[in-house]
Amino acid sequence: MSIDRRTFLKHLGAASAAATLPFSLVEVAWGLGSKPAEHESFTFAYISDSHLTHIKGTRFTSNFDRGLRKAVMEVNLLDPKPDFVIYGGDLAQLGKREELDHGLELLSGLRPPLKWVIGEHDFYLDMGEYWQDKISPLYYSFDHKGVHFVVLNSILTHEAWINQWTTPMERMLNMARLDNPRGSPFMVGERQLRWLREDLAKYDDSIPIVILSHSPLYKIFKPWNFWTDDAEKVQKLLRRFSRVTVLHGHVHQVLYNQIGNITFYAMMATAWPWPYPVSYVQKPNQVPKLTVFMNRADPFHSRDGTGWDILDMDSGAITNHYQLWLNENRTVAFDFKLKHPVDLKFQNPDKRIPPQLHY
Amino acid sequence: MKHRIIVFLALATPLALGDEFSQKDLERWRAEFNTVMEKGEKLFHSTLGSNQVSCDQCHPNGANTHPETYPKFQKQLGKVATLREMINWCLQNPLEGKPLPLDSDEMIALEAYITWERRGVPLAPGKH
Ligand SMILES: [Fe+2]
Ligand SMILES: [Fe+2]
């Protein structure tokens with residue numbers, strides 16, 4: 001039972017690392033009108049937004065190191081093992097080689113294979129050079145057990161913005177600042193859109209599609225780049241498929257939405273939680289009404305409001321188990337009758353609790 | 001003797017009434033406030049502690065600092081605390097820095113910025 005797994009996770013000390021996490025695929029039968037599987041069911045994990053920060057020499061910000069170390073340890077305890085792990089981007093804080101190398105070192109302890117998505121914090125110092133050389137291509141696709149996965153680099157922006165800075169670090173710092181009035185919106189860009197169209201052309205409408213991007217492929221709040229400028233163009237290319245899910249990082253919070261045929265899930269960050277844009281009253285936002293917010297974090301516990309995700313893929317839909325450290329875990333599953341994701345415990349407004357109110 | 005002189009001077013300059021202020025005064029005072037608030041914005045976006053972390057990383061535009069709710073009971077401090085004490089809490093913990101004196105220019109600047117980003121929100125002392 002999932003409760004046992006959660007209880008287990010909560011009481012897991014570093015000393016019990018030899019144990020395994022009891023976990024069974026039987027749990028995916030949620031009784032939400034799910035259709036018979038069109039593909040083999042499987043589980044994968046998602047770790048994101050670690051923001052490893054180099055101080056000097058061998059020193060890194062320990063708070064953020066601890067988040068990634070904890071996620072790696074817990075993913076390794078899953079039994080059965082997830083088929084693979086996605087790293088969702090923002091491994092580094094300022095794109096430095098020290099930070100990316102440190103991230104590779106911490107992630108080298110992970111047993112399942114890794115698939116990589118790049119974030120803006122990894123990219124804007126050297127425009128993705130080190131990442132492509134040492135880690136992964138910036139966009140690519142792969143098939144797994146009858147599901148087509150596409151990784152996009154969604155954090156590109158205008159050439160004029162990129163070229164206006166005197167040094168690469170100045171550019172990086174300006175992109176790293178979330179509330180920067182001199183920031184620039186994320187985009188996928190025409191070249192990648194053409195590639196995506198060709199990549200998808202090989203597939204029938206009935207194949208389940210999972211898109212992996214760092215930024216949300218819809219528009220939530222431009223001032224903080226919870227936003228992809230050409231998101232609608234991507235959505236349009238995906239419209240003909242019957243089951244599409246977008247998994248994204250970047251927003252450091254529980255967030256989910258449904259736009260037409262596309263289900264969107266945000267993944268947890270291991271570094272720190274972000275406020276919901278509703279908490280900044282000076283500018284309007286388009287935060288999805290569907291989302292039941294995560295609990296407001298306690299600043300007295302550095303791991304509160306952070307975590308990682310276990311994803312069950314069944315019948316072309318994803319059940320998202322948010323692993324929330326120092327909080328009750330949350331499960332959000334696609335409801336085939338309502339045709340959108342629902343939180344299995346808190347979706348009903350009568351079930352909400354006070355810490356879910358953000359203001 | 002002293003008193004008489006003051007009375008005499010006041011009578012001689014009847015236009016210098018009490019504390020009446022002009023549009024120009026208002027503009028100057030606003031500019032003084034803005035200078036301090038903008039200094040606070042810079043501090044809020046700087047690595048003030050020892051670990052290369054800045055306040056805005058977790059509080060973009062000062063969000064989730066809730067200045068309108070102070071003073072309020074903080075169970076972890078076991079008392080009704082002020083905004084400045086919570087600023088120091090975050091300075092000492094997420095930023096691994098030294099606390100600021102509560103009446104320092106830097107503390108006042110941080111408070112000015114945080115409060116400015118929250119302008120227009122009704123006061124809600126004690127709210128959680
Ligand atoms: Fe991030
Ligand atoms: Fe990001």
# chains A, B, ... in the order shown; residues from 1 in each chain; ligands from 1
call {"tool": "residues_near_ligand", "arguments": {"ligand": "ligand 2", "cutoff": "9 Å", "atoms": "only C-alpha atoms and all ligand atoms", "output": "ChimeraX atom specification"}}
result
/A:49,51,89-90,118-122,155,176,178,214-215,225-226,249-252
call {"tool": "interface_residues", "arguments": {"of": "chain A", "to": "chain B", "cutoff": "7 Å", "atoms": "only C-alpha atoms", "output": "list in words"}}
result
Ile55, Thr61, Leu178, Asp179, Trp272, Pro273, Trp274, Pro275, Ser279 and Tyr280 of chain A
call {"tool": "write_last_selection", "arguments": {"atoms": "N, CA, C and O atoms", "output": "PDB file, in the first residue's frame"}}
result
ATOM      1  N   ILE A  55      30.313  27.862  -4.067  1.00  0.00           N
ATOM      2  CA  ILE A  55      30.747  29.015  -3.253  1.00  0.00           C
ATOM      3  C   ILE A  55      32.210  29.298  -3.580  1.00  0.00           C
ATOM      4  O   ILE A  55      32.529  30.337  -4.143  1.00  0.00           O
ATOM      5  N   THR A  61      26.704  25.317  -1.619  1.00  0.00           N
ATOM      6  CA  THR A  61      25.643  25.617  -0.660  1.00  0.00           C
ATOM      7  C   THR A  61      25.037  24.301  -0.161  1.00  0.00           C
ATOM      8  O   THR A  61      24.458  23.538  -0.941  1.00  0.00           O
ATOM      9  N   LEU A 178      14.705  35.591 -11.184  1.00  0.00           N
ATOM     10  CA  LEU A 178      13.340  35.276 -11.609  1.00  0.00           C
ATOM     11  C   LEU A 178      12.500  36.536 -11.813  1.00  0.00           C
ATOM     12  O   LEU A 178      11.747  36.637 -12.775  1.00  0.00           O
ATOM     13  N   ASP A 179      12.632  37.507 -10.891  1.00  0.00           N
ATOM     14  CA  ASP A 179      11.756  38.687 -10.953  1.00  0.00           C
ATOM     15  C   ASP A 179      12.417  39.856 -11.690  1.00  0.00           C
ATOM     16  O   ASP A 179      12.130  41.014 -11.420  1.00  0.00           O
ATOM     17  N   TRP A 272      14.339  24.487  -3.391  1.00  0.00           N
ATOM     18  CA  TRP A 272      13.485  25.344  -2.551  1.00  0.00           C
ATOM     19  C   TRP A 272      12.128  25.494  -3.244  1.00  0.00           C
ATOM     20  O   TRP A 272      12.037  25.325  -4.456  1.00  0.00           O
ATOM     21  N   PRO A 273      11.087  25.810  -2.474  1.00  0.00           N
ATOM     22  CA  PRO A 273       9.759  26.016  -3.072  1.00  0.00           C
ATOM     23  C   PRO A 273       9.583  27.469  -3.512  1.00  0.00           C
ATOM     24  O   PRO A 273      10.203  28.366  -2.950  1.00  0.00           O
ATOM     25  N   TRP A 274       8.742  27.688  -4.543  1.00  0.00           N
ATOM     26  CA  TRP A 274       8.426  29.058  -4.930  1.00  0.00           C
ATOM     27  C   TRP A 274       7.001  29.430  -4.532  1.00  0.00           C
ATOM     28  O   TRP A 274       6.134  28.550  -4.497  1.00  0.00           O
ATOM     29  N   PRO A 275       6.802  30.728  -4.288  1.00  0.00           N
ATOM     30  CA  PRO A 275       5.432  31.174  -4.042  1.00  0.00           C
ATOM     31  C   PRO A 275       4.591  30.965  -5.304  1.00  0.00           C
ATOM     32  O   PRO A 275       5.136  30.950  -6.407  1.00  0.00           O
ATOM     33  N   SER A 279       0.417  35.040  -5.041  1.00  0.00           N
ATOM     34  CA  SER A 279       0.946  35.706  -3.848  1.00  0.00           C
ATOM     35  C   SER A 279       1.615  37.040  -4.164  1.00  0.00           C
ATOM     36  O   SER A 279       2.026  37.746  -3.254  1.00  0.00           O
ATOM     37  N   TYR A 280       1.766  37.349  -5.450  1.00  0.00           N
ATOM     38  CA  TYR A 280       2.309  38.668  -5.811  1.00  0.00           C
ATOM     39  C   TYR A 280       1.159  39.501  -6.371  1.00  0.00           C
ATOM     40  O   TYR A 280       0.691  39.260  -7.486  1.00  0.00           O
TER      41      TYR A 280
END
call {"tool": "residues_around", "arguments": {"residues": "Lys134 (chain A)", "least_positions_apart": "6", "cutoff": "12 Å", "atoms": "only C-alpha atoms", "output": "PDB file with all heavy atoms, in the first residue's frame"}}
result
ATOM      1  N   ARG A  97      30.837  25.156 -14.662  1.00  0.00           N
ATOM      2  CA  ARG A  97      31.320  23.778 -14.806  1.00  0.00           C
ATOM      3  C   ARG A  97      31.443  23.093 -13.457  1.00  0.00           C
ATOM      4  O   ARG A  97      31.153  21.908 -13.328  1.00  0.00           O
ATOM      5  CB  ARG A  97      32.683  23.769 -15.508  1.00  0.00           C
ATOM      6  CG  ARG A  97      32.513  24.125 -16.948  1.00  0.00           C
ATOM      7  CD  ARG A  97      33.762  24.067 -17.751  1.00  0.00           C
ATOM      8  NE  ARG A  97      33.350  24.385 -19.132  1.00  0.00           N
ATOM      9  CZ  ARG A  97      34.052  24.111 -20.193  1.00  0.00           C
ATOM     10  NH1 ARG A  97      35.226  23.530 -20.082  1.00  0.00           N
ATOM     11  NH2 ARG A  97      33.607  24.425 -21.391  1.00  0.00           N
ATOM     12  N   LEU A 100      27.934  21.942 -12.610  1.00  0.00           N
ATOM     13  CA  LEU A 100      27.463  20.810 -13.427  1.00  0.00           C
ATOM     14  C   LEU A 100      28.245  19.541 -13.089  1.00  0.00           C
ATOM     15  O   LEU A 100      27.664  18.460 -12.960  1.00  0.00           O
ATOM     16  CB  LEU A 100      27.560  21.164 -14.915  1.00  0.00           C
ATOM     17  CG  LEU A 100      26.609  22.288 -15.370  1.00  0.00           C
ATOM     18  CD1 LEU A 100      26.922  22.726 -16.800  1.00  0.00           C
ATOM     19  CD2 LEU A 100      25.138  21.855 -15.272  1.00  0.00           C
ATOM     20  N   ASP A 101      29.557  19.685 -12.902  1.00  0.00           N
ATOM     21  CA  ASP A 101      30.375  18.519 -12.531  1.00  0.00           C
ATOM     22  C   ASP A 101      29.946  17.966 -11.171  1.00  0.00           C
ATOM     23  O   ASP A 101      29.855  16.752 -10.975  1.00  0.00           O
ATOM     24  CB  ASP A 101      31.862  18.896 -12.465  1.00  0.00           C
ATOM     25  CG  ASP A 101      32.481  19.054 -13.854  1.00  0.00           C
ATOM     26  OD1 ASP A 101      31.857  18.589 -14.835  1.00  0.00           O
ATOM     27  OD2 ASP A 101      33.579  19.639 -13.957  1.00  0.00           O
ATOM     28  N   GLY A 103      27.027  18.213  -9.841  1.00  0.00           N
ATOM     29  CA  GLY A 103      25.737  17.556 -10.067  1.00  0.00           C
ATOM     30  C   GLY A 103      25.909  16.167 -10.652  1.00  0.00           C
ATOM     31  O   GLY A 103      25.260  15.208 -10.220  1.00  0.00           O
ATOM     32  N   LEU A 104      26.812  16.046 -11.620  1.00  0.00           N
ATOM     33  CA  LEU A 104      27.067  14.731 -12.223  1.00  0.00           C
ATOM     34  C   LEU A 104      27.592  13.770 -11.168  1.00  0.00           C
ATOM     35  O   LEU A 104      27.217  12.601 -11.116  1.00  0.00           O
ATOM     36  CB  LEU A 104      28.073  14.857 -13.370  1.00  0.00           C
ATOM     37  CG  LEU A 104      27.569  15.598 -14.614  1.00  0.00           C
ATOM     38  CD1 LEU A 104      28.704  15.769 -15.619  1.00  0.00           C
ATOM     39  CD2 LEU A 104      26.392  14.873 -15.252  1.00  0.00           C
ATOM     40  N   TRP A 116      17.869  13.523 -19.686  1.00  0.00           N
ATOM     41  CA  TRP A 116      18.148  14.899 -19.273  1.00  0.00           C
ATOM     42  C   TRP A 116      17.307  15.942 -20.006  1.00  0.00           C
ATOM     43  O   TRP A 116      17.152  15.884 -21.220  1.00  0.00           O
ATOM     44  CB  TRP A 116      19.601  15.234 -19.550  1.00  0.00           C
ATOM     45  CG  TRP A 116      20.576  14.403 -18.792  1.00  0.00           C
ATOM     46  CD1 TRP A 116      21.150  13.243 -19.196  1.00  0.00           C
ATOM     47  CD2 TRP A 116      21.119  14.692 -17.495  1.00  0.00           C
ATOM     48  NE1 TRP A 116      22.019  12.781 -18.234  1.00  0.00           N
ATOM     49  CE2 TRP A 116      22.016  13.653 -17.183  1.00  0.00           C
ATOM     50  CE3 TRP A 116      20.929  15.734 -16.570  1.00  0.00           C
ATOM     51  CZ2 TRP A 116      22.734  13.623 -15.988  1.00  0.00           C
ATOM     52  CZ3 TRP A 116      21.636  15.695 -15.390  1.00  0.00           C
ATOM     53  CH2 TRP A 116      22.535  14.649 -15.105  1.00  0.00           C
ATOM     54  N   GLY A 128      24.738  26.360 -23.385  1.00  0.00           N
ATOM     55  CA  GLY A 128      24.514  24.913 -23.470  1.00  0.00           C
ATOM     56  C   GLY A 128      25.681  24.093 -23.992  1.00  0.00           C
ATOM     57  O   GLY A 128      25.539  22.895 -24.231  1.00  0.00           O
TER      58      GLY A 128
END
call {"tool": "residues_around", "arguments": {"residues": "Gln74 (chain B)", "least_positions_apart": "4", "cutoff": "12 Å", "atoms": "only C-alpha atoms", "output": "list in words"}}
result
Asp298, Pro299 and Phe300 of chain A; Thr69, Tyr70, Gly78, Lys79, Val80, Ala81, Thr82, Leu83, Glu85, Met86, Trp89, Gly126, Lys127 and His128 of chain B
call {"tool": "residues_around", "arguments": {"residues": "Pro208 (chain A)", "least_positions_apart": "5", "cutoff": "8 Å", "atoms": "only C-alpha atoms", "output": "PyMOL selection string"}}
result
chain A and resi 146-148+241-244+316-317
call {"tool": "write_last_selection", "arguments": {"atoms": "N, CA, C and O atoms", "output": "short mmCIF file (atom, residue, chain, number, x, y, z; two decimals), in the first residue's frame"}}
result
data_model
loop_
_atom_site.label_atom_id
_atom_site.label_comp_id
_atom_site.auth_asym_id
_atom_site.auth_seq_id
_atom_site.Cartn_x
_atom_site.Cartn_y
_atom_site.Cartn_z
N GLY A 146 5.94 1.42 -25.74
CA GLY A 146 4.75 1.86 -26.47
C GLY A 146 4.37 3.32 -26.24
O GLY A 146 3.30 3.76 -26.68
N VAL A 147 5.22 4.08 -25.56
CA VAL A 147 4.96 5.51 -25.34
C VAL A 147 6.08 6.30 -26.01
O VAL A 147 7.25 5.92 -25.94
N HIS A 148 5.70 7.41 -26.68
CA HIS A 148 6.70 8.24 -27.33
C HIS A 148 7.03 9.44 -26.43
O HIS A 148 6.16 10.23 -26.08
N PHE A 241 -3.18 13.99 -31.24
CA PHE A 241 -2.95 12.77 -30.45
C PHE A 241 -4.00 12.63 -29.34
O PHE A 241 -4.43 13.62 -28.76
N SER A 242 -4.38 11.37 -29.08
CA SER A 242 -5.46 11.21 -28.10
C SER A 242 -4.98 11.37 -26.66
O SER A 242 -5.73 11.83 -25.80
N ARG A 243 -3.73 10.98 -26.35
CA ARG A 243 -3.25 11.12 -24.96
C ARG A 243 -1.91 11.83 -24.95
O ARG A 243 -0.91 11.29 -25.40
N VAL A 244 -1.90 13.05 -24.44
CA VAL A 244 -0.65 13.81 -24.35
C VAL A 244 -0.45 14.32 -22.93
O VAL A 244 -1.39 14.86 -22.32
N GLY A 316 -1.92 5.23 -21.18
CA GLY A 316 -1.59 6.50 -21.83
C GLY A 316 -1.66 7.70 -20.91
O GLY A 316 -1.44 8.82 -21.34
N ALA A 317 -1.98 7.48 -19.62
CA ALA A 317 -2.08 8.61 -18.68
C ALA A 317 -1.10 8.41 -17.54
O ALA A 317 -0.68 7.29 -17.24
#
call {"tool": "atom_distance", "arguments": {"atom1": "CA of Asn153 (chain A)", "atom2": "CA of Pro223 (chain A)"}}
result
20.1 Å
call {"tool": "atom_distance", "arguments": {"atom1": "CA of Arg111 (chain A)", "atom2": "CA of Ala45 (chain A)"}}
result
11.6 Å
call {"tool": "closest_residue", "arguments": {"among": "B:Asp105, B:Cys55, B:Lys72, B:Glu111", "to": "Gln92 (chain B)", "atoms": "only C-alpha atoms"}}
result
B:Cys55
call {"tool": "select_by_dssp", "arguments": {"residues": "region 98-309 of chain A", "states": "strand (DSSP E or B)", "output": "ChimeraX atom specification"}}
result
/A:114-116,140-144,147-151,156,187,209-213,221,226,244-248,256-259,262-266,307-309
call {"tool": "closest_residue", "arguments": {"among": "A:Ile262, A:Ile86, A:Thr306, A:Glu74", "to": "ligand 1", "atoms": "only C-alpha atoms and all ligand atoms"}}
result
A:Thr306
call {"tool": "residues_around", "arguments": {"residues": "Leu238 (chain A)", "least_positions_apart": "3", "cutoff": "10 Å", "atoms": "only C-alpha atoms", "output": "PyMOL selection string"}}
result
chain A and resi 196-197+200+205+209+211+232-235+241-245+261-262
call {"tool": "closest_residue", "arguments": {"among": "A:Leu247, A:Leu193, A:Leu91, A:Met294", "to": "ligand 1", "atoms": "only C-alpha atoms and all ligand atoms"}}
result
A:Leu91
call {"tool": "residues_around", "arguments": {"residues": "Pro277 (chain A)", "least_positions_apart": "5", "cutoff": "9 Å", "atoms": "only C-alpha atoms", "output": "ChimeraX atom specification"}}
result
/A:220-221,224,226,283-287 /B:63
call {"tool": "atom_distance", "arguments": {"atom1": "CA of His340 (chain A)", "atom2": "CA of Gln258 (chain A)"}}
result
5.6 Å
call {"tool": "closest_residue", "arguments": {"among": "A:Lys145, A:Lys96, A:Lys339, A:Arg69", "to": "Thr263 (chain A)", "atoms": "only C-alpha atoms"}}
result
A:Lys339
call {"tool": "select_by_dssp", "arguments": {"residues": "region 23-250 of chain A", "states": "helix (DSSP H, G or I)", "output": "PyMOL selection string"}}
result
chain A and resi 25-28+62-76+97-107+120-123+129-134+159-162+168-176+190-201+222-224+231-238
